[in-house]
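Data block for run-v3.tsv (TSV, C-alpha atoms):
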chain	number	residue	atom	x	y	z
A	352	MET	CA	0.00	0.00	0.00
A	353	ARG	CA	1.33	3.44	-0.89
A	354	PRO	CA	2.29	5.33	2.30
A	355	LEU	CA	0.55	8.58	3.05
A	356	PRO	CA	2.45	11.84	2.69
A	357	GLU	CA	2.24	12.29	6.49
A	358	ASP	CA	4.22	9.07	6.82
A	359	ASP	CA	6.84	10.45	4.46
A	360	LEU	CA	7.03	13.67	6.44
A	361	ARG	CA	7.41	11.75	9.70
A	362	LEU	CA	10.15	9.59	8.21
A	363	ALA	CA	12.01	12.60	6.79
A	364	ALA	CA	11.73	14.41	10.14
A	365	PHE	CA	13.07	11.35	11.96
A	366	LEU	CA	16.00	11.02	9.56
A	367	LYS	CA	16.83	14.71	9.86
A	368	ALA	CA	16.59	14.68	13.65
A	369	HIS	CA	18.86	11.66	13.97
A	370	ARG	CA	21.18	12.05	11.02
A	371	PRO	CA	24.71	11.17	12.03
A	372	PRO	CA	26.76	14.33	12.62
A	373	VAL	CA	29.21	15.17	9.87
A	374	PRO	CA	32.76	15.13	11.21
A	375	PRO	CA	34.37	18.58	11.24
A	376	SER	CA	36.77	19.34	8.44
A	377	ASP	CA	40.49	19.55	8.87
A	378	PRO	CA	41.33	23.22	9.59
A	379	ALA	CA	44.12	23.05	7.06
A	380	LEU	CA	41.80	21.81	4.29
A	381	GLU	CA	40.90	25.26	2.99
A	382	GLU	CA	44.55	26.33	2.84
A	383	GLN	CA	45.46	23.09	1.08
A	384	LEU	CA	42.72	23.64	-1.47
A	385	LEU	CA	43.84	27.21	-2.17
A	386	ALA	CA	47.41	26.02	-2.58
A	387	ALA	CA	46.22	23.32	-4.97
A	388	ILE	CA	44.18	25.65	-7.16
A	389	ALA	CA	47.09	28.12	-7.27
A	390	THR	CA	49.13	25.49	-9.08
A	391	THR	CA	46.25	23.97	-11.08
A	392	PRO	CA	45.24	25.69	-14.31
A	393	GLN	CA	41.60	25.76	-15.33
A	394	GLU	CA	40.75	23.55	-18.26
A	395	ILE	CA	40.19	25.23	-21.59
A	396	PRO	CA	36.71	24.30	-22.79
A	397	THR	CA	36.69	22.22	-25.94
A	398	ILE	CA	33.79	20.81	-27.85
A	399	ALA	CA	32.90	17.61	-26.09
A	400	PRO	CA	32.44	14.47	-28.21
A	401	HIS	CA	28.77	14.26	-27.26
A	402	THR	CA	28.29	17.85	-28.44
A	403	VAL	CA	29.89	16.97	-31.77
A	404	ARG	CA	27.59	13.97	-32.02
A	405	GLN	CA	24.59	16.18	-31.29
A	406	LEU	CA	25.63	18.70	-33.95
A	407	THR	CA	26.16	15.92	-36.50
A	408	LYS	CA	22.81	14.41	-35.59
A	409	ARG	CA	21.14	17.83	-35.92
A	410	ARG	CA	22.76	18.33	-39.33
A	411	ARG	CA	21.68	14.84	-40.39
A	412	GLY	CA	18.15	15.75	-39.38
A	413	TRP	CA	18.07	18.50	-42.04
A	414	VAL	CA	19.17	16.18	-44.86
A	415	LEU	CA	15.80	14.53	-45.47
A	416	PRO	CA	13.60	17.71	-45.53
A	417	GLY	CA	16.25	19.41	-47.69
A	418	ALA	CA	16.25	16.56	-50.16
A	419	ILE	CA	12.46	16.59	-50.37
A	420	ALA	CA	12.38	20.36	-50.97
A	421	ALA	CA	15.10	20.14	-53.63
A	422	SER	CA	13.34	17.32	-55.48
A	423	LEU	CA	10.09	19.33	-55.49
A	424	VAL	CA	11.86	22.34	-57.03
A	425	VAL	CA	13.54	20.16	-59.67
A	426	THR	CA	10.20	18.52	-60.50
A	427	ALA	CA	8.46	21.90	-60.88
A	428	ILE	CA	11.19	23.33	-63.09
A	429	GLY	CA	11.33	20.15	-65.19
A	430	TYR	CA	7.57	20.18	-65.70
A	431	GLN	CA	7.65	23.79	-66.83
A	432	THR	CA	10.52	23.09	-69.22
A	433	LEU	CA	9.56	19.76	-70.66
A	434	ARG	CA	5.78	19.94	-70.92
A	435	PRO	CA	4.41	20.08	-74.53
A	436	GLN	CA	3.82	23.66	-75.54
A	437	PRO	CA	0.40	24.44	-77.16
A	438	GLN	CA	0.75	24.49	-80.97
A	439	PRO	CA	-0.30	27.66	-82.76
A	440	THR	CA	-3.61	27.21	-84.61
A	441	ALA	CA	-3.28	26.57	-88.29
A	442	GLU	CA	-4.60	29.15	-90.65
A	443	LEU	CA	-7.97	28.12	-92.17
A	444	SER	CA	-8.65	28.61	-95.80
A	445	ALA	CA	-11.62	30.71	-96.96
A	446	ALA	CA	-13.58	27.60	-97.97
A	447	GLU	CA	-13.02	26.00	-94.58
A	448	LEU	CA	-14.12	29.21	-92.83
A	449	ALA	CA	-17.28	29.34	-94.92
A	450	GLU	CA	-18.03	25.70	-94.17
A	451	LEU	CA	-17.50	26.29	-90.47
A	452	GLU	CA	-19.78	29.33	-90.52
A	453	THR	CA	-22.49	27.38	-92.30
A	454	PHE	CA	-22.21	24.58	-89.82
A	455	ILE	CA	-22.50	26.94	-86.84
A	456	GLU	CA	-25.51	28.70	-88.35
A	457	SER	CA	-27.31	25.45	-89.06
A	458	THR	CA	-26.68	23.93	-85.69
A	459	TRP	CA	-27.49	27.23	-83.98
A	460	GLN	CA	-30.82	27.82	-85.63
A	461	ASP	CA	-32.12	24.30	-85.78
A	462	PRO	CA	-32.82	23.80	-82.09
A	463	VAL	CA	-34.14	27.36	-81.76
A	464	ALA	CA	-36.61	26.91	-84.57
A	465	GLU	CA	-37.99	23.73	-83.08
A	466	GLN	CA	-38.84	25.44	-79.81
A	467	PRO	CA	-42.62	26.12	-79.42
A	468	VAL	CA	-43.41	29.80	-79.30
A	469	VAL	CA	-45.31	30.81	-76.20
A	470	TYR	CA	-46.94	34.21	-76.09
A	471	ALA	CA	-47.45	36.15	-72.92
A	472	ASP	CA	-51.31	36.22	-73.18
A	473	GLU	CA	-51.47	32.45	-73.12
A	474	LEU	CA	-49.78	32.37	-69.79
A	475	PHE	CA	-52.62	34.34	-68.10
A	476	THR	CA	-55.67	32.89	-69.93
A	477	GLN	CA	-57.75	30.00	-68.60
A	478	PRO	CA	-57.72	27.20	-71.19
A	479	ASP	CA	-61.56	26.61	-70.92
A	480	ALA	CA	-62.63	30.24	-70.78
A	481	ALA	CA	-64.55	31.39	-73.87
A	482	PRO	CA	-63.72	34.84	-75.24
A	483	GLY	CA	-67.18	36.34	-74.51
A	484	ASN	CA	-67.70	34.99	-70.99
A	485	SER	CA	-65.95	37.67	-69.08
A	486	THR	CA	-67.47	38.52	-65.70
A	487	MET	CA	-66.27	42.01	-65.78
A	488	ASN	CA	-68.97	44.54	-66.70
B	1052	MET	CA	44.66	42.16	1.97
B	1053	GLN	CA	42.08	42.47	-0.80
B	1054	VAL	CA	38.50	42.53	0.38
B	1055	LEU	CA	35.92	40.74	-1.72
B	1056	VAL	CA	32.71	42.74	-2.02
B	1057	LEU	CA	29.68	40.62	-2.76
B	1058	PRO	CA	26.46	42.03	-4.19
B	1059	THR	CA	24.18	42.34	-1.18
B	1060	SER	CA	20.90	43.80	-2.40
B	1061	SER	CA	17.94	42.44	-0.48
B	1062	ASN	CA	16.38	40.64	-3.43
B	1063	GLU	CA	19.67	39.21	-4.65
B	1064	SER	CA	19.22	35.47	-4.85
B	1065	HIS	CA	21.67	32.88	-3.68
B	1066	SER	CA	22.34	31.70	-7.23
B	1067	GLU	CA	23.00	35.24	-8.46
B	1068	ARG	CA	25.69	35.64	-5.83
B	1069	ASP	CA	27.13	32.30	-6.91
B	1070	SER	CA	27.08	33.50	-10.50
B	1071	PHE	CA	28.98	36.65	-9.53
B	1072	LEU	CA	31.60	34.58	-7.70
B	1073	VAL	CA	31.88	32.15	-10.62
B	1074	GLN	CA	32.53	35.05	-13.01
B	1075	ARG	CA	35.28	36.36	-10.77
B	1076	SER	CA	36.76	32.88	-10.34
B	1077	LEU	CA	36.85	32.46	-14.12
B	1078	GLN	CA	39.02	35.58	-14.23
B	1079	GLY	CA	41.45	33.78	-11.94
B	1080	ASP	CA	40.33	35.32	-8.66
B	1081	HIS	CA	41.18	32.73	-6.02
B	1082	GLN	CA	39.37	34.64	-3.29
B	1083	SER	CA	36.10	34.34	-5.13
B	1084	PHE	CA	36.58	30.60	-5.41
B	1085	GLN	CA	37.41	30.52	-1.71
B	1086	ALA	CA	34.10	32.26	-1.08
B	1087	LEU	CA	32.32	29.63	-3.19
B	1088	TYR	CA	34.05	26.94	-1.16
B	1089	ARG	CA	32.90	28.50	2.11
B	1090	ARG	CA	29.33	28.81	0.87
B	1091	HIS	CA	29.00	25.21	-0.32
B	1092	GLN	CA	31.52	23.04	1.49
B	1093	ALA	CA	29.25	22.14	4.41
B	1094	ARG	CA	26.53	20.75	2.17
B	1095	VAL	CA	28.99	18.99	-0.14
B	1096	ARG	CA	30.62	17.51	2.94
B	1097	ALA	CA	27.29	16.31	4.33
B	1098	ILE	CA	26.34	14.65	1.04
B	1099	LEU	CA	29.71	12.94	0.71
B	1100	PHE	CA	29.58	11.81	4.31
B	1101	GLN	CA	26.30	9.98	3.71
B	1102	LEU	CA	27.43	8.45	0.43
B	1103	CYS	CA	31.07	7.58	1.05
B	1104	ASP	CA	33.56	6.22	3.47
B	1105	ALA	CA	33.77	8.83	6.25
B	1106	SER	CA	37.47	8.27	6.85
B	1107	ALA	CA	38.36	9.85	3.51
B	1108	ILE	CA	35.91	12.72	3.69
B	1109	ASP	CA	38.48	15.55	3.70
B	1110	ASP	CA	40.22	14.18	0.62
B	1111	LEU	CA	36.88	13.77	-1.15
B	1112	VAL	CA	35.79	17.34	-0.39
B	1113	GLN	CA	39.08	18.63	-1.70
B	1114	ASP	CA	38.72	16.47	-4.80
B	1115	VAL	CA	35.24	17.91	-5.48
B	1116	PHE	CA	36.38	21.52	-5.25
B	1117	LEU	CA	39.55	20.89	-7.22
B	1118	ARG	CA	37.50	19.30	-10.01
B	1119	ALA	CA	35.12	22.26	-9.83
B	1120	TRP	CA	38.02	24.72	-10.15
B	1121	LYS	CA	39.49	22.92	-13.12
B	1122	GLY	CA	36.16	22.47	-14.86
B	1123	LEU	CA	34.76	25.93	-14.12
B	1124	PRO	CA	35.24	27.19	-17.72
B	1125	LYS	CA	32.96	24.35	-18.84
B	1126	PHE	CA	30.22	25.32	-16.40
B	1127	ARG	CA	27.16	26.61	-18.26
B	1128	GLN	CA	26.13	29.92	-16.72
B	1129	SER	CA	22.47	29.14	-17.35
B	1130	ALA	CA	22.57	26.31	-14.81
B	1131	GLN	CA	22.76	26.67	-11.04
B	1132	PHE	CA	26.25	26.42	-9.64
B	1133	SER	CA	25.04	24.30	-6.72
B	1134	THR	CA	23.41	21.76	-9.07
B	1135	TRP	CA	26.64	21.49	-11.05
B	1136	LEU	CA	28.72	21.21	-7.87
B	1137	TYR	CA	26.48	18.50	-6.38
B	1138	ARG	CA	26.80	16.58	-9.62
B	1139	ILE	CA	30.59	16.68	-9.25
B	1140	ALA	CA	30.17	15.52	-5.64
B	1141	TRP	CA	28.00	12.65	-6.81
B	1142	ASN	CA	30.63	11.70	-9.44
B	1143	VAL	CA	33.36	11.75	-6.80
B	1144	ALA	CA	31.19	9.63	-4.50
B	1145	SER	CA	30.52	7.14	-7.32
B	1146	ASP	CA	34.22	6.90	-8.15
B	1147	GLN	CA	35.10	6.41	-4.48
B	1148	ARG	CA	32.43	3.78	-4.08
B	1149	GLN	CA	33.72	1.81	-7.06
B	1150	ALA	CA	37.30	2.05	-5.79
B	1151	ALA	CA	36.18	0.99	-2.31
B	1152	ALA	CA	34.26	-1.95	-3.74
B	1153	ARG	CA	37.41	-3.17	-5.43
B	1154	GLY	CA	39.59	-2.99	-2.34
B	1155	ARG	CA	37.18	-3.39	0.55
B	1156	THR	CA	38.08	-5.74	3.36
B	1157	GLN	CA	35.97	-7.10	6.15
B	1158	PHE	CA	37.80	-4.85	8.61
B	1159	GLN	CA	37.00	-1.75	6.56
B	1160	ASN	CA	33.36	-2.79	6.45
B	1161	LEU	CA	33.19	-2.95	10.20
B	1162	THR	CA	34.82	0.43	10.70
B	1163	THR	CA	32.57	1.99	8.08
B	1164	HIS	CA	29.47	0.82	9.86
B	1165	ALA	CA	30.63	2.00	13.25
B	1166	PRO	CA	29.47	5.43	14.42
B	1167	THR	CA	32.30	7.84	13.78
B	1168	ARG	CA	31.55	10.50	16.33
B	1169	GLN	CA	29.53	10.73	19.50
B	1170	GLU	CA	28.76	14.26	20.56
B	1171	SER	CA	25.40	13.93	22.28
B	1172	PRO	CA	25.13	12.43	25.75
B	1173	ASP	CA	21.65	11.13	24.99
B	1174	VAL	CA	22.01	7.36	24.59
B	1175	LEU	CA	18.69	6.96	22.79
B	1176	HIS	CA	19.61	9.71	20.35
B	1177	LEU	CA	22.94	7.99	19.71
B	1178	HIS	CA	21.10	4.74	19.14
B	1179	TYR	CA	18.81	6.38	16.62
B	1180	GLN	CA	21.75	8.03	14.87
B	1181	ASP	CA	23.39	4.64	14.55
B	1182	LEU	CA	20.18	3.15	13.16
B	1183	VAL	CA	19.79	5.93	10.61
B	1184	GLN	CA	23.39	5.47	9.50
B	1185	ARG	CA	22.98	1.71	9.24
B	1186	GLY	CA	19.64	2.08	7.47
B	1187	LEU	CA	21.18	4.40	4.88
B	1188	ARG	CA	24.01	1.91	4.31
B	1189	GLU	CA	21.42	-0.81	3.74
B	1190	LEU	CA	20.00	1.07	0.77
B	1191	SER	CA	21.38	0.76	-2.72
B	1192	PHE	CA	23.68	3.60	-3.77
B	1193	GLU	CA	21.00	5.04	-6.12
B	1194	HIS	CA	18.26	4.97	-3.49
B	1195	ARG	CA	20.53	6.34	-0.77
B	1196	THR	CA	21.64	9.20	-3.03
B	1197	VAL	CA	18.07	10.30	-3.71
B	1198	LEU	CA	16.99	9.94	-0.07
B	1199	VAL	CA	20.00	11.89	1.22
B	1200	LEU	CA	19.62	14.67	-1.33
B	1201	HIS	CA	15.86	15.02	-0.90
B	1202	ASP	CA	15.01	14.16	2.69
B	1203	LEU	CA	18.25	15.19	4.42
B	1204	GLU	CA	19.63	17.99	2.23
B	1205	GLU	CA	16.20	19.20	1.02
B	1206	VAL	CA	17.25	19.43	-2.62
B	1207	PRO	CA	14.11	19.71	-4.81
B	1208	GLN	CA	13.24	16.67	-6.90
B	1209	LYS	CA	13.66	18.59	-10.16
B	1210	GLU	CA	17.18	19.61	-9.19
B	1211	ILE	CA	17.99	16.03	-8.18
B	1212	ALA	CA	16.91	14.92	-11.65
B	1213	GLU	CA	19.36	17.45	-13.13
B	1214	ILE	CA	22.19	16.41	-10.78
B	1215	LEU	CA	21.81	12.72	-11.56
B	1216	THR	CA	20.70	13.31	-15.19
B	1217	ILE	CA	17.70	11.04	-14.79
B	1218	PRO	CA	14.00	11.74	-15.47
B	1219	LEU	CA	11.91	13.31	-12.73
B	1220	GLY	CA	9.73	10.19	-12.66
B	1221	THR	CA	12.78	8.08	-11.85
B	1222	VAL	CA	13.62	10.38	-8.95
B	1223	LYS	CA	10.08	10.00	-7.59
B	1224	SER	CA	10.22	6.23	-8.01
B	1225	ARG	CA	13.61	5.90	-6.33
B	1226	LEU	CA	12.49	8.14	-3.48
B	1227	PHE	CA	9.37	6.04	-2.96
B	1228	HIS	CA	11.34	2.77	-2.84
B	1229	ALA	CA	14.12	4.27	-0.70
B	1230	ARG	CA	11.60	5.50	1.88
B	1231	ALA	CA	9.81	2.17	1.86
B	1232	ALA	CA	13.09	0.29	2.43
B	1233	MET	CA	14.17	2.68	5.17
B	1234	ARG	CA	10.77	2.46	6.88
B	1235	LYS	CA	10.94	-1.33	6.75
B	1236	TYR	CA	14.46	-1.33	8.19
B	1237	LEU	CA	13.44	0.94	11.07
B	1238	GLU	CA	10.38	-1.22	11.77
B	1239	ARG	CA	12.63	-4.27	11.99
B	1240	GLN	CA	14.65	-2.38	14.59
B	1241	GLY	CA	11.48	-1.75	16.60
B	1242	ILE	CA	10.84	1.85	15.56
B	1243	GLN	CA	7.28	2.75	14.54
B	1244	LEU	CA	6.96	6.14	12.88

Same coordinates, now as structure tokens:
Amino acid sequence: MRPLPEDDLRLAAFLKAHRPPVPPSDPALEEQLLAAIATTPQEIPTIAPHTVRQLTKRRRGWVLPGAIAASLVVTAIGYQTLRPQPQPTAELSAAELAELETFIESTWQDPVAEQPVVYADELFTQPDAAPGNSTMN
Amino acid sequence: MQVLVLPTSSNESHSERDSFLVQRSLQGDHQSFQALYRRHQARVRAILFQLCDASAIDDLVQDVFLRAWKGLPKFRQSAQFSTWLYRIAWNVASDQRQAAARGRTQFQNLTTHAPTRQESPDVLHLHYQDLVQRGLRELSFEHRTVLVLHDLEEVPQKEIAEILTIPLGTVKSRLFHARAAMRKYLERQGIQL
């Protein structure tokens, strides 16, 4: 069973109250340390191997997105360059133009002519109402 | 004699004063490093005492501060000096533990487990001190480290994770198991908390 926080507090308090006393330091220790650092140069920071590994890893991480972006650019440029250009329209002769015009006229008018003509009066007139039977006086 | 003037504004934090002293030490000022030693040696000493063989404690403290002096240019200013220093202390303790494991004898074991100093006249208190010391020695090195740092030295869990370079969850887990083991040991010795 997980102990309650009060139990933890009681345990920590007990440990702190009865922790073994730390033996006092040698009075000469501080002087010895100062003498030691006086003759010890500080290390010049160099790039640690793990830092180099991290940098290499970071650089490697950019390779894949860079390759994808570059291939997209190459594809776009290649498409623009290599796609078939639209051919200029050939000049039509006078006979061909006349034939085309005739064809357009015939196909344009045919469906229009077949449409039934509806006049506006017919839209508002009852189909069974005789012309003389108006109720209006 | 040159007098070292520390920044003393009321809201100046402990770490900012450390940072000031570190900057001066990096310029070769031995007095600033001496000030850093005086500010932190007691806590470093207490941690080492709980983790290592007490007979070599002075040498270990000196080793920690000498390593700190040499490695000071590598210290990242964004981090807390105390966290970095406790990490060095932990490394020194680990090295000492491995060396001791290689050359330990039965006699050394006995002397290690014996109380090193008796200052209080209270027999019960002395008994409890002995039990706490023995209980800590019963724990694994990883569990003891976390328990000492957190429950005795009151280092926050997040800082412990940085010192030991382990996830915060691992710190919590180790603390839970260390407390459980210590509680069980004390119960076996007839102490109910």

Neighbours of chain B in chain A at 12 Å, counting only C-alpha atoms, as a VMD selection string = chain A and resid 352 to 399

Keeping C-alpha atoms, export the residues of the selection given above as a JSON list (two decimals), keeping the file's coordinate frame.
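Produced file part_6.json, reproduced below:
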[["chain", "number", "residue", "atom", "x", "y", "z"],
["A", 352, "MET", "CA", 0.00, 0.00, 0.00],
["A", 353, "ARG", "CA", 1.33, 3.44, -0.89],
["A", 354, "PRO", "CA", 2.29, 5.33, 2.30],
["A", 355, "LEU", "CA", 0.55, 8.58, 3.05],
["A", 356, "PRO", "CA", 2.45, 11.84, 2.69],
["A", 357, "GLU", "CA", 2.24, 12.29, 6.49],
["A", 358, "ASP", "CA", 4.22, 9.07, 6.82],
["A", 359, "ASP", "CA", 6.84, 10.45, 4.46],
["A", 360, "LEU", "CA", 7.03, 13.67, 6.44],
["A", 361, "ARG", "CA", 7.41, 11.75, 9.70],
["A", 362, "LEU", "CA", 10.15, 9.59, 8.21],
["A", 363, "ALA", "CA", 12.01, 12.60, 6.79],
["A", 364, "ALA", "CA", 11.73, 14.41, 10.14],
["A", 365, "PHE", "CA", 13.07, 11.35, 11.96],
["A", 366, "LEU", "CA", 16.00, 11.02, 9.56],
["A", 367, "LYS", "CA", 16.83, 14.71, 9.86],
["A", 368, "ALA", "CA", 16.59, 14.68, 13.65],
["A", 369, "HIS", "CA", 18.86, 11.66, 13.97],
["A", 370, "ARG", "CA", 21.18, 12.05, 11.02],
["A", 371, "PRO", "CA", 24.71, 11.17, 12.03],
["A", 372, "PRO", "CA", 26.76, 14.33, 12.62],
["A", 373, "VAL", "CA", 29.21, 15.17, 9.87],
["A", 374, "PRO", "CA", 32.76, 15.13, 11.21],
["A", 375, "PRO", "CA", 34.37, 18.58, 11.24],
["A", 376, "SER", "CA", 36.77, 19.34, 8.44],
["A", 377, "ASP", "CA", 40.49, 19.55, 8.87],
["A", 378, "PRO", "CA", 41.33, 23.22, 9.59],
["A", 379, "ALA", "CA", 44.12, 23.05, 7.06],
["A", 380, "LEU", "CA", 41.80, 21.81, 4.29],
["A", 381, "GLU", "CA", 40.90, 25.26, 2.99],
["A", 382, "GLU", "CA", 44.55, 26.33, 2.84],
["A", 383, "GLN", "CA", 45.46, 23.09, 1.08],
["A", 384, "LEU", "CA", 42.72, 23.64, -1.47],
["A", 385, "LEU", "CA", 43.84, 27.21, -2.17],
["A", 386, "ALA", "CA", 47.41, 26.02, -2.58],
["A", 387, "ALA", "CA", 46.22, 23.32, -4.97],
["A", 388, "ILE", "CA", 44.18, 25.65, -7.16],
["A", 389, "ALA", "CA", 47.09, 28.12, -7.27],
["A", 390, "THR", "CA", 49.13, 25.49, -9.08],
["A", 391, "THR", "CA", 46.25, 23.97, -11.08],
["A", 392, "PRO", "CA", 45.24, 25.69, -14.31],
["A", 393, "GLN", "CA", 41.60, 25.76, -15.33],
["A", 394, "GLU", "CA", 40.75, 23.55, -18.26],
["A", 395, "ILE", "CA", 40.19, 25.23, -21.59],
["A", 396, "PRO", "CA", 36.71, 24.30, -22.79],
["A", 397, "THR", "CA", 36.69, 22.22, -25.94],
["A", 398, "ILE", "CA", 33.79, 20.81, -27.85],
["A", 399, "ALA", "CA", 32.90, 17.61, -26.09]]

By how many Å are CA of Leu1200 in chain B and CA of Ala1140 in chain B apart?
->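 That distance, rounded to one decimal, is 11.4 Å.
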
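Nearest to Ser1066 in chain B of all the residues B:Thr1134, B:Ser1145, B:Thr1196, B:Ser1083 is B:Thr1134, based on only C-alpha atoms.
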
Go through B:Ala1144, B:Ala1152, B:Val1197, B:Leu1111 and flag the residue nearest Ile1211 in chain B, using all atoms listed in the file for the distances.
->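 Among the listed residues, B:Val1197 lies closest to Ile1211 in chain B.
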
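Going from CA of Ala1130 in chain B over to CA of Gln1147 in chain B, you cover 25.7 Å.
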
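If you look at CA of Leu1190 in chain B and CA of Thr1221 in chain B, they are 16.1 Å away from each other.
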
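In terms of minimum interatomic distance to Ser1133 in chain B, B:Arg1068 ranks closest within B:Arg1185, B:Arg1068, B:Arg1148, B:Arg1195, counting all atoms listed in the file.
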